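Trainee: I am attaching a structure below and will ask some questions about it afterwards.
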Amino acid sequence: MEATKDCTISLEPVAGSLTLFYAFVNGEKKINSNGTKKGWSGKVPDAKVRIKIRIIGIDNASFKFSFDIPGTANAQSVTLMLKDGNYEAEFIL
Amino acid sequence: MKLNLFYSLIILLPLFGFAQEVKIKILPFIDATTSIKDGQIEVGPEINWEKVESGKSFFLRPILRMPLTSETDKLIEIDRFAPTWRANLSLQYTQDNTAETGSIKRHSIAAQFEYGASEFKYHPTASESTEVKTVESSYAFEVKYIGFFTKGESGAKQFSPQFRLRYSHDWKAAKEVGV
């Protein structure tokens, strides 16, 4: 399917010690960072968008996940906390 | 005001205004970096290349390090010829094999080469009038490996094996001796 929609995602540390940030959009790795703020912007297909994030750190460190798909999910952000050094979540938009 | 002093101030004032370490993006893959540590300034570009989808990243950083101040003369040295300097070339390649599911696997290999020259003064006849200056070269190289492995589950153990091999040939001034 042709990619027509704009998509912007970012991951950034908030508190504690974060080691690695990963974000996958429709199965493709788009963010790979050593715990520092990183973003990605590109086009995604008009159908549903699947975003998976994987975060590694120490204990209950927290981070902010932001995403913006104009017309589908406008400029959203959420602050999340690791559970015993790990966090994984999948968003379908 | 001498022209040299004027140019020095133009360069130095923004540096002092900034924090100890500054990174400015000058081109898409190139940052300019400066940092001030222990009275020394490091200046140089940082060239980054990254292919996120395949987990490959590479950076190359050539840096020139020289004294910002002279400990003995209590003077700022950057506006004149610094007799002591060191060039440093570091490169790092990272392969991250982490996928959407499964364990986290990451390998980094880094290498660094250094070359520098230092000026030494001494008085062979123990008299201030007979000062002899000599310039000596120092060099060093190192290789480093850093791995990171974990299952990617809550409470899973995180392993980061690291290996570093360094060889350095350094000249340092001896303490002054009174006769």
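Chain labels A, B, ... are given in the sequence in which chains occur in the structure tokens; within each chain residues are numbered consecutively from 1, and ligands are likewise numbered from 1 in the order shown.
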Report as number ranges by chain: the residues of chain A with a DSSP assignment of strand (DSSP E), based on the backbone of this structure.

Mentor: A: 3-15, 18-25, 28-33, 38-45, 50-57, 62-69, 73-81, 86-92

Trainee: Select from chain A every residue with an atom at most 8 Å from any atom of chain B, then for each give the shortest pair of atoms and their distance in Å to one decimal, using only C-alpha atoms, rows by chain and rising number, as a Markdown table.

Mentor:
```
| residue | atom | partner | partner_atom | distance |
| --- | --- | --- | --- | --- |
| A:Phe24 | CA | B:Glu100 | CA | 6.8 |
| A:Gly27 | CA | B:Glu100 | CA | 6.8 |
| A:Glu28 | CA | B:Glu53 | CA | 6.2 |
| A:Lys29 | CA | B:Glu53 | CA | 4.8 |
| A:Lys30 | CA | B:Val52 | CA | 5.9 |
| A:Ile31 | CA | B:Val52 | CA | 6.6 |
| A:Asn32 | CA | B:Val52 | CA | 6.3 |
| A:Lys52 | CA | B:Glu100 | CA | 7.3 |
| A:Arg54 | CA | B:Glu100 | CA | 7.8 |
| A:Ile56 | CA | B:Gly152 | CA | 7.2 |
| A:Lys83 | CA | B:Ser154 | CA | 5.8 |
| A:Asp84 | CA | B:Gly155 | CA | 4.8 |
| A:Gly85 | CA | B:Ser154 | CA | 6.0 |
| A:Asn86 | CA | B:Ser154 | CA | 4.9 |
| A:Tyr87 | CA | B:Ser154 | CA | 7.3 |
```

Trainee: In Å to one decimal, how far is CA of Leu20 (chain A) from CA of Asn74 (chain A)?

Mentor: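 Here the two named atoms are 26.1 Å from each other.
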
Trainee: Can you work out the spacing between CA of Lys25 (chain B) and CA of Gly44 (chain B) in Å, to one decimal?

Mentor: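 Pair CA of Lys25 (chain B) / CA of Gly44 (chain B) returns 12.0 Å.
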
Trainee: Using only C-alpha atoms, can you tell me which of B:Thr84, B:Ser108, B:Asn97, B:Thr125 comes closest to Trp171 (chain B)?

Mentor: B:Thr84

Trainee: Return the single residue from A:Thr72, A:Ile55, A:Ser10, A:Tyr22 that is closest to Trp40 (chain A), with distances computed using only C-alpha atoms.

Mentor: A:Ser10

Trainee: Please, what distance in Å, to one decimal, runs between CA of Phe67 (chain A) and CA of Ser33 (chain A)?

Mentor: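 Between CA of Phe67 (chain A) and CA of Ser33 (chain A) the gap is 16.6 Å.
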